[in-house]
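Just below is one structure, and these are the notes that go with it.
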Amino acid sequence: MSKAGPSKDRARRIPGTVGLALEESLLFERGAPGREGYSLPSDEALPEADFGTSGLESHLIRDELSGMPELTEFDVIRHFTRLAGWNYCIDAGFFPLGSCTMKYNPKVHELIAGLPGIAGGHPYTPEVFAQGALGILYELQELLIKITGMHSCTLEPAAGAHGELTGMMMIRAYHEAKGNKKTKVIIPNSAHGTNPATAALCGYKVVEVKARESGILHYDDVKDLIDDEVAAIMLTNPNTVGLFERDVAKIAKALDAVDARFYCDGANLNALMGQASFGKMGVDVSQINLHKTYSTPHGGGGPGSGALVVS
């Protein structure tokens with residue numbers, strides 16, 4: 001640092017946005033021949049059986065894995081411990097991830113999620129030994145039905161995008177079962193960013209409708225696009241700019257007139273809980289996200305959940 005002190009640019013930086021990020025090579029780059037991270041008992045320590053030369057039963061022995069890194073236990077532990085320092089958390093600063101940040105995750109919630117009976121549960125645990133976890137899931141479904149004012153709920157989808165896709169596939173199946181010839185999905189430019197891709201994956205043409213200068217949709221703009229070929233609208237409420245869409249009930253009635261469905265993205269549900277009901281808005285399908293409404297940490301590779309509620 002110069003005698004003049006820190007630069008003006010550096011002084012303007014917001015605390016918590018710049019931190020130490022150690023470079024870390026891949027495990028494949030760190031390995032060295034001959035390193036081992038495990039040990040097996042010797043042949044003498046095992047009971048008599050059909051053992052091969054490795055001390056294991058022959059049907060358990062597989063061929064050598066080519067190209068895999070050879071590492072000690074400490075190599076692996078230190079690698080992932082250093083990577084953990086890259087995780088962005090509320091202790092480091094505010095989450096810079098758009099609409100996903102319309103909430104705060106109290107640390108007590110993470111403590112509850114980390115209780116041994118919950119965090120230590122195995123996905124293949126037999127039902128007889130998983131009644132506590134199943135009870136929690138059932139109560140969660142019932143609570144989400146009450147919160148949204150909808151009729152039924154499933155926790156089957158593995159993530160928010162998965163729940164969104166599941167919901168639109170249900171709408172498509174609804175139209176196919178009724179013999180409806182639907183080809184289009186209306187999506188506002190203020191909707192959650194994944195919506196167009198989901199509609200396209202379901203085989204629909206995306207019809208964009210723009211929000212007005214106020215930041216919200218106007219009923220007249222949507223009404224002009226609704227015809228017999230429209231399968232659904234995918235609308236986020238509050239929308240991506242954080243504003244409540246006031247014309248949703250009128251839009252829902254116009255959709256009903258042509259047997260189109262109302263998909264409401266639940267990305268920002270936290271702003272509505274206890275204040276408004278999806279069911280009273282005329283919503284037919286909505287997904288709810290684990291890392292938003294469920295108050296769980298962002299990312300980390302899972303596990304995830306995209307609860308889906310339907311009218």
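Ordered as shown in the structure tokens, chains take letters A, B, and onward, while each chain numbers its residues from 1 and ligands are numbered from 1 in the order shown.
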
Practice prompt. Mind checking which residues fall within 12 Å of A:Leu143, counting only C-alpha atoms, ignoring those fewer than 5 positions away in the same chain, and posting them as number ranges by chain?
Written response: A: 136-138, 148-154, 273-274, 294, 307, 309

Practice prompt. Please identify which residues in stretch 101-294 of chain A DSSP calls strand (DSSP E or B) from the backbone, and express them as an MDAnalysis selection string.
Written response: chainID A and resid 152:154 184:188 205:209 230:236 261:265 285:289

Produce a table with one row for each residue of stretch 223-261 of chain A that has an atom at most 8 Å from any atom of stretch 167-178 of chain A, each row naming the nearest atom pair and its distance in Å at one decimal; use only C-alpha atoms; arrange rows by chain and rising residue number; format as CSV.
```
residue,atom,partner,partner_atom,distance
A:Ala231,CA,A:His175,CA,7.5
A:Ala232,CA,A:Ile171,CA,7.7
A:Arg261,CA,A:Ile171,CA,6.9
```

Go ahead and dump the residues you just picked, C-alpha atoms, as an mmCIF file, in the first residue's frame.
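Full text of out_11.cif as output:
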```
data_model
loop_
_atom_site.group_PDB
_atom_site.id
_atom_site.type_symbol
_atom_site.label_atom_id
_atom_site.label_comp_id
_atom_site.auth_asym_id
_atom_site.auth_seq_id
_atom_site.Cartn_x
_atom_site.Cartn_y
_atom_site.Cartn_z
ATOM 1 C CA ALA A 231 -53.016 -23.790 -23.572
ATOM 2 C CA ALA A 232 -51.949 -21.685 -20.605
ATOM 3 C CA ARG A 261 -55.023 -23.073 -17.641
#
```

Worksheet item: Counting only C-alpha atoms, which of A:Val222, A:Glu24, A:Lys146, A:Ser305 gets nearest to A:Ser277?
Response: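 Closest residue, counting only C-alpha atoms: A:Lys146.
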
Discussion item. What's around A:Gly67 at 12 Å? Count only C-alpha atoms, leave out sequence neighbours fewer than 2 positions away in its own chain, and write the answer as number ranges by chain.
Written reply: A: 27-29, 31-33, 64-65, 69-70

Can you write just those residues out, all heavy atoms, as a JSON list (two decimals), in the first residue's frame?
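File produced: out.json:
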```
[["chain", "number", "residue", "atom", "x", "y", "z"],
["A", 27, "LEU", "N", -8.84, -32.69, -8.32],
["A", 27, "LEU", "CA", -8.29, -33.91, -7.72],
["A", 27, "LEU", "C", -7.51, -34.71, -8.76],
["A", 27, "LEU", "O", -6.50, -35.35, -8.42],
["A", 27, "LEU", "CB", -9.42, -34.77, -7.14],
["A", 27, "LEU", "CG", -10.03, -34.28, -5.83],
["A", 27, "LEU", "CD1", -11.17, -35.20, -5.40],
["A", 27, "LEU", "CD2", -8.99, -34.18, -4.71],
["A", 28, "PHE", "N", -7.95, -34.67, -10.00],
["A", 28, "PHE", "CA", -7.24, -35.40, -11.06],
["A", 28, "PHE", "C", -5.85, -34.83, -11.29],
["A", 28, "PHE", "O", -4.95, -35.52, -11.76],
["A", 28, "PHE", "CB", -8.05, -35.35, -12.37],
["A", 28, "PHE", "CG", -9.26, -36.23, -12.35],
["A", 28, "PHE", "CD1", -10.47, -35.75, -11.90],
["A", 28, "PHE", "CD2", -9.18, -37.54, -12.78],
["A", 28, "PHE", "CE1", -11.60, -36.56, -11.87],
["A", 28, "PHE", "CE2", -10.30, -38.37, -12.76],
["A", 28, "PHE", "CZ", -11.51, -37.88, -12.31],
["A", 29, "GLU", "N", -5.65, -33.56, -10.93],
["A", 29, "GLU", "CA", -4.34, -32.92, -11.10],
["A", 29, "GLU", "C", -3.46, -33.09, -9.87],
["A", 29, "GLU", "O", -2.25, -32.87, -9.93],
["A", 29, "GLU", "CB", -4.53, -31.43, -11.40],
["A", 29, "GLU", "CG", -5.33, -31.15, -12.67],
["A", 29, "GLU", "CD", -5.74, -29.69, -12.81],
["A", 29, "GLU", "OE1", -5.81, -28.98, -11.78],
["A", 29, "GLU", "OE2", -6.00, -29.28, -13.94],
["A", 31, "GLY", "N", -3.35, -35.93, -7.82],
["A", 31, "GLY", "CA", -2.98, -37.30, -7.49],
["A", 31, "GLY", "C", -1.55, -37.65, -7.87],
["A", 31, "GLY", "O", -0.92, -36.99, -8.69],
["A", 32, "ALA", "N", -1.05, -38.72, -7.26],
["A", 32, "ALA", "CA", 0.29, -39.23, -7.58],
["A", 32, "ALA", "C", 0.27, -40.76, -7.43],
["A", 32, "ALA", "O", -0.41, -41.28, -6.53],
["A", 32, "ALA", "CB", 1.33, -38.62, -6.64],
["A", 33, "PRO", "N", 0.96, -41.48, -8.30],
["A", 33, "PRO", "CA", 0.94, -42.95, -8.25],
["A", 33, "PRO", "C", 1.38, -43.46, -6.88],
["A", 33, "PRO", "O", 2.33, -42.96, -6.27],
["A", 33, "PRO", "CB", 1.95, -43.34, -9.33],
["A", 33, "PRO", "CG", 1.97, -42.18, -10.28],
["A", 33, "PRO", "CD", 1.77, -40.97, -9.42],
["A", 64, "GLU", "N", -9.31, -52.92, -12.75],
["A", 64, "GLU", "CA", -8.72, -51.65, -12.37],
["A", 64, "GLU", "C", -9.42, -50.50, -13.09],
["A", 64, "GLU", "O", -9.84, -50.62, -14.24],
["A", 64, "GLU", "CB", -7.23, -51.63, -12.73],
["A", 64, "GLU", "CG", -6.38, -52.56, -11.87],
["A", 64, "GLU", "CD", -6.30, -52.08, -10.44],
["A", 64, "GLU", "OE1", -6.27, -50.85, -10.22],
["A", 64, "GLU", "OE2", -6.28, -52.93, -9.53],
["A", 65, "LEU", "N", -9.57, -49.38, -12.39],
["A", 65, "LEU", "CA", -10.16, -48.18, -12.99],
["A", 65, "LEU", "C", -9.03, -47.32, -13.57],
["A", 65, "LEU", "O", -8.17, -46.85, -12.82],
["A", 65, "LEU", "CB", -10.94, -47.38, -11.95],
["A", 65, "LEU", "CG", -12.21, -48.03, -11.40],
["A", 65, "LEU", "CD1", -12.79, -47.15, -10.29],
["A", 65, "LEU", "CD2", -13.24, -48.22, -12.49],
["A", 69, "PRO", "N", -7.72, -40.57, -10.10],
["A", 69, "PRO", "CA", -6.63, -40.02, -9.30],
["A", 69, "PRO", "C", -6.31, -40.90, -8.09],
["A", 69, "PRO", "O", -7.20, -41.48, -7.49],
["A", 69, "PRO", "CB", -7.18, -38.66, -8.86],
["A", 69, "PRO", "CG", -8.66, -38.83, -8.88],
["A", 69, "PRO", "CD", -8.95, -39.78, -10.01],
["A", 70, "GLU", "N", -5.06, -40.97, -7.75],
["A", 70, "GLU", "CA", -4.62, -41.72, -6.57],
["A", 70, "GLU", "C", -4.30, -40.70, -5.49],
["A", 70, "GLU", "O", -3.39, -39.88, -5.64],
["A", 70, "GLU", "CB", -3.40, -42.60, -6.92],
["A", 70, "GLU", "CG", -3.73, -43.65, -7.97],
["A", 70, "GLU", "CD", -2.53, -44.51, -8.31],
["A", 70, "GLU", "OE1", -1.88, -45.04, -7.37],
["A", 70, "GLU", "OE2", -2.21, -44.63, -9.51]]
```

Can you tell me which residues surround A:Gly203 at a distance of at most 10 Å, considering only C-alpha atoms, apart from same-chain residues fewer than 2 positions away, and format the answer as a short mmCIF file (atom, residue, chain, number, x, y, z; two decimals) with all heavy atoms, in the first residue's frame?
```
data_model
loop_
_atom_site.label_atom_id
_atom_site.label_comp_id
_atom_site.auth_asym_id
_atom_site.auth_seq_id
_atom_site.Cartn_x
_atom_site.Cartn_y
_atom_site.Cartn_z
N MET A 169 -46.40 -30.16 -17.84
CA MET A 169 -46.72 -31.46 -18.44
C MET A 169 -48.12 -31.92 -18.01
O MET A 169 -48.84 -32.56 -18.79
CB MET A 169 -45.66 -32.50 -18.06
CG MET A 169 -44.31 -32.26 -18.71
SD MET A 169 -43.04 -33.44 -18.19
CE MET A 169 -43.61 -34.93 -19.00
N ARG A 172 -50.48 -30.00 -20.15
CA ARG A 172 -50.52 -30.61 -21.49
C ARG A 172 -51.34 -31.90 -21.48
O ARG A 172 -52.15 -32.14 -22.39
CB ARG A 172 -49.09 -30.90 -21.98
CG ARG A 172 -49.03 -31.42 -23.41
CD ARG A 172 -47.61 -31.72 -23.83
NE ARG A 172 -47.06 -32.84 -23.09
CZ ARG A 172 -45.82 -33.31 -23.22
NH1 ARG A 172 -44.99 -32.69 -24.06
NH2 ARG A 172 -45.39 -34.33 -22.52
N LYS A 182 -54.29 -27.38 -28.56
CA LYS A 182 -53.64 -26.18 -28.04
C LYS A 182 -52.19 -26.13 -28.50
O LYS A 182 -51.49 -27.15 -28.46
CB LYS A 182 -53.70 -26.17 -26.51
CG LYS A 182 -55.11 -26.29 -25.93
CD LYS A 182 -55.90 -25.02 -26.09
CE LYS A 182 -57.20 -25.06 -25.32
NZ LYS A 182 -57.97 -23.79 -25.41
N THR A 183 -51.73 -24.96 -28.90
CA THR A 183 -50.38 -24.84 -29.44
C THR A 183 -49.53 -23.76 -28.79
O THR A 183 -48.32 -23.71 -29.01
CB THR A 183 -50.44 -24.56 -30.95
OG1 THR A 183 -51.14 -23.30 -31.16
CG2 THR A 183 -51.17 -25.68 -31.69
N LYS A 184 -50.14 -22.87 -28.00
CA LYS A 184 -49.42 -21.69 -27.53
C LYS A 184 -49.49 -21.53 -26.01
O LYS A 184 -50.46 -21.94 -25.38
CB LYS A 184 -50.01 -20.43 -28.19
CG LYS A 184 -49.95 -20.42 -29.70
CD LYS A 184 -50.49 -19.13 -30.29
CE LYS A 184 -51.97 -18.94 -30.07
NZ LYS A 184 -52.52 -17.78 -30.81
N VAL A 185 -48.44 -20.91 -25.46
CA VAL A 185 -48.41 -20.53 -24.05
C VAL A 185 -48.02 -19.06 -23.97
O VAL A 185 -47.02 -18.64 -24.55
CB VAL A 185 -47.41 -21.39 -23.24
CG1 VAL A 185 -47.23 -20.83 -21.84
CG2 VAL A 185 -47.88 -22.83 -23.17
N ALA A 197 -38.38 -21.78 -21.55
CA ALA A 197 -37.76 -23.08 -21.84
C ALA A 197 -38.70 -24.23 -21.48
O ALA A 197 -38.80 -25.22 -22.20
CB ALA A 197 -36.45 -23.21 -21.07
N THR A 198 -39.41 -24.10 -20.35
CA THR A 198 -40.34 -25.14 -19.92
C THR A 198 -41.47 -25.30 -20.94
O THR A 198 -41.83 -26.42 -21.32
CB THR A 198 -40.91 -24.81 -18.54
OG1 THR A 198 -39.85 -24.79 -17.59
CG2 THR A 198 -41.96 -25.83 -18.12
N ALA A 199 -42.03 -24.18 -21.39
CA ALA A 199 -43.12 -24.24 -22.37
C ALA A 199 -42.64 -24.89 -23.67
O ALA A 199 -43.34 -25.72 -24.26
CB ALA A 199 -43.65 -22.83 -22.64
N ALA A 200 -41.42 -24.53 -24.10
CA ALA A 200 -40.88 -25.11 -25.33
C ALA A 200 -40.64 -26.60 -25.18
O ALA A 200 -40.89 -27.39 -26.10
CB ALA A 200 -39.58 -24.39 -25.70
N LEU A 201 -40.15 -27.03 -24.00
CA LEU A 201 -39.93 -28.46 -23.76
C LEU A 201 -41.23 -29.26 -23.84
O LEU A 201 -41.23 -30.43 -24.20
CB LEU A 201 -39.28 -28.68 -22.39
CG LEU A 201 -37.77 -28.49 -22.30
CD1 LEU A 201 -37.31 -28.53 -20.85
CD2 LEU A 201 -37.05 -29.58 -23.10
N LYS A 205 -45.54 -23.21 -28.49
CA LYS A 205 -44.97 -21.97 -29.00
C LYS A 205 -45.16 -20.89 -27.93
O LYS A 205 -46.25 -20.73 -27.39
CB LYS A 205 -45.68 -21.56 -30.30
CG LYS A 205 -45.19 -20.23 -30.85
CD LYS A 205 -46.00 -19.83 -32.09
CE LYS A 205 -45.58 -18.45 -32.60
NZ LYS A 205 -46.39 -18.05 -33.77
N VAL A 206 -44.09 -20.14 -27.66
CA VAL A 206 -44.15 -19.10 -26.65
C VAL A 206 -44.64 -17.79 -27.28
O VAL A 206 -44.10 -17.34 -28.29
CB VAL A 206 -42.76 -18.88 -26.01
CG1 VAL A 206 -42.80 -17.68 -25.07
CG2 VAL A 206 -42.33 -20.13 -25.27
#
```

Worksheet item: Which value, in Å to one decimal, gives the distance between atom CA of A:Val241 and atom CA of A:Leu140?
Response: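 Computing the Euclidean distance for atom CA of A:Val241 and atom CA of A:Leu140 yields 28.5 Å.
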
Quick one: everything within 12 Å of A:Leu155, counting only C-alpha atoms, minus sequence neighbours fewer than 3 positions away in the same chain. Send it as a CSV table (one decimal) with N, CA, C and O atoms, in the first residue's frame.
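Result file part-v6.csv:
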```
chain,number,residue,atom,x,y,z
A,134,LEU,N,-41.8,-39.4,6.9
A,134,LEU,CA,-43.0,-39.3,6.1
A,134,LEU,C,-44.1,-38.4,6.7
A,134,LEU,O,-44.8,-37.8,6.0
A,136,ILE,N,-43.5,-35.7,8.5
A,136,ILE,CA,-43.0,-34.4,8.2
A,136,ILE,C,-43.5,-34.0,6.8
A,136,ILE,O,-44.0,-32.9,6.6
A,137,LEU,N,-43.2,-34.9,5.8
A,137,LEU,CA,-43.6,-34.6,4.5
A,137,LEU,C,-45.1,-34.4,4.3
A,137,LEU,O,-45.5,-33.5,3.6
A,138,TYR,N,-45.9,-35.3,5.0
A,138,TYR,CA,-47.3,-35.1,4.9
A,138,TYR,C,-47.8,-33.8,5.4
A,138,TYR,O,-48.6,-33.1,4.8
A,139,GLU,N,-47.3,-33.4,6.6
A,139,GLU,CA,-47.7,-32.2,7.2
A,139,GLU,C,-47.3,-31.0,6.4
A,139,GLU,O,-48.0,-30.0,6.3
A,140,LEU,N,-46.1,-31.1,5.7
A,140,LEU,CA,-45.7,-30.0,4.8
A,140,LEU,C,-46.6,-29.9,3.7
A,140,LEU,O,-47.0,-28.7,3.3
A,141,GLN,N,-47.0,-31.0,3.1
A,141,GLN,CA,-48.0,-30.9,2.0
A,141,GLN,C,-49.3,-30.2,2.4
A,141,GLN,O,-49.8,-29.4,1.7
A,142,GLU,N,-49.8,-30.6,3.6
A,142,GLU,CA,-51.0,-30.0,4.0
A,142,GLU,C,-50.9,-28.5,4.3
A,142,GLU,O,-51.8,-27.7,4.0
A,144,LEU,N,-48.7,-26.5,2.8
A,144,LEU,CA,-48.6,-25.8,1.5
A,144,LEU,C,-49.9,-25.6,0.8
A,144,LEU,O,-50.2,-24.6,0.1
A,145,ILE,N,-50.8,-26.6,1.0
A,145,ILE,CA,-52.2,-26.5,0.5
A,145,ILE,C,-52.9,-25.3,1.1
A,145,ILE,O,-53.6,-24.5,0.5
A,152,SER,N,-54.5,-29.8,-3.9
A,152,SER,CA,-53.7,-30.9,-3.6
A,152,SER,C,-52.2,-30.5,-3.8
A,152,SER,O,-51.9,-29.5,-4.5
A,158,ALA,N,-38.0,-33.0,-8.0
A,158,ALA,CA,-36.7,-32.9,-7.3
A,158,ALA,C,-36.1,-31.5,-7.2
A,158,ALA,O,-35.1,-31.3,-6.5
A,159,ALA,N,-36.7,-30.5,-7.9
A,159,ALA,CA,-36.2,-29.1,-7.9
A,159,ALA,C,-37.3,-28.2,-8.4
A,159,ALA,O,-38.3,-28.7,-9.0
A,160,GLY,N,-37.0,-26.9,-8.3
A,160,GLY,CA,-38.0,-25.9,-8.8
A,160,GLY,C,-38.3,-26.1,-10.3
A,160,GLY,O,-39.4,-26.1,-10.7
A,162,HIS,N,-37.8,-28.6,-12.1
A,162,HIS,CA,-38.4,-30.0,-12.3
A,162,HIS,C,-39.9,-29.8,-11.9
A,162,HIS,O,-40.8,-30.4,-12.7
A,163,GLY,N,-40.3,-29.1,-10.9
A,163,GLY,CA,-41.7,-28.9,-10.5
A,163,GLY,C,-42.4,-28.1,-11.6
A,163,GLY,O,-43.5,-28.4,-11.9
A,166,THR,N,-43.0,-30.4,-14.5
A,166,THR,CA,-44.1,-31.3,-14.1
A,166,THR,C,-45.4,-30.6,-14.2
A,166,THR,O,-46.4,-31.2,-14.8
A,287,GLN,N,-45.6,-24.2,-8.7
A,287,GLN,CA,-44.5,-24.9,-8.1
A,287,GLN,C,-43.9,-24.0,-7.0
A,287,GLN,O,-44.0,-22.8,-7.0
A,288,ILE,N,-43.4,-24.6,-5.9
A,288,ILE,CA,-42.8,-23.9,-4.8
A,288,ILE,C,-41.4,-24.4,-4.6
A,288,ILE,O,-41.1,-25.6,-4.6
A,289,ASN,N,-40.4,-23.5,-4.4
A,289,ASN,CA,-39.0,-23.9,-4.4
A,289,ASN,C,-38.4,-24.1,-3.0
A,289,ASN,O,-38.7,-23.3,-2.1
A,290,LEU,N,-37.5,-25.1,-2.9
A,290,LEU,CA,-36.9,-25.4,-1.7
A,290,LEU,C,-36.0,-24.3,-1.2
A,290,LEU,O,-36.0,-23.9,0.0
A,304,GLY,N,-32.9,-31.3,-3.5
A,304,GLY,CA,-33.8,-30.2,-3.8
A,304,GLY,C,-35.2,-30.7,-3.8
A,304,GLY,O,-35.5,-31.8,-3.6
A,305,SER,N,-36.1,-29.7,-3.9
A,305,SER,CA,-37.5,-30.0,-4.0
A,305,SER,C,-38.3,-28.9,-4.7
A,305,SER,O,-38.0,-27.8,-4.5
A,306,GLY,N,-39.2,-29.3,-5.5
A,306,GLY,CA,-40.0,-28.4,-6.2
A,306,GLY,C,-41.5,-28.7,-6.0
A,306,GLY,O,-42.2,-29.1,-7.0
A,307,ALA,N,-42.0,-28.6,-4.8
A,307,ALA,CA,-43.4,-28.9,-4.5
A,307,ALA,C,-44.3,-28.3,-5.5
A,307,ALA,O,-44.2,-27.2,-5.9
A,308,LEU,N,-45.3,-29.1,-5.9
A,308,LEU,CA,-46.3,-28.7,-6.9
A,308,LEU,C,-47.7,-28.7,-6.3
A,308,LEU,O,-48.1,-29.7,-5.7
A,309,VAL,N,-48.4,-27.6,-6.4
A,309,VAL,CA,-49.8,-27.5,-5.9
A,309,VAL,C,-50.7,-27.3,-7.1
A,309,VAL,O,-50.4,-26.6,-8.0
A,310,VAL,N,-51.9,-27.9,-7.0
A,310,VAL,CA,-52.9,-27.8,-8.1
A,310,VAL,C,-54.3,-27.5,-7.5
A,310,VAL,O,-54.6,-27.8,-6.4
```

Discussion item. Neighbouring residues of A:Arg212 were defined as those with any atom within 10 Å, considering only C-alpha atoms; residues of the same chain fewer than 6 positions away were excluded. Please report them as number ranges by chain.
Written reply: A: 190, 218, 221

Discussion item. Could you go through stretch 78-215 of chain A and tell me which residues DSSP, when run on the backbone, assigns to helix (DSSP H, G or I), listing them as a PyMOL selection string?
Written reply: chain A and resi 78-84+98-101+107-113+116-119+127-129+131-148+160-178+195-201

Worksheet item: Using only C-alpha atoms, which residues sit within 12 Å of A:Ser25 once same-chain residues fewer than 2 positions away are excluded, as a ChimeraX atom specification?
Response: /A:22-23,27-31,75-76,78-80,82-83

Worksheet entry | Coordinates-based distance that separates atom CA of A:Asp220 from atom CA of A:Gly279 (Å, one decimal) |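 Spanning atom CA of A:Gly279 to atom CA of A:Asp220 is a straight-line distance of 22.4 Å.
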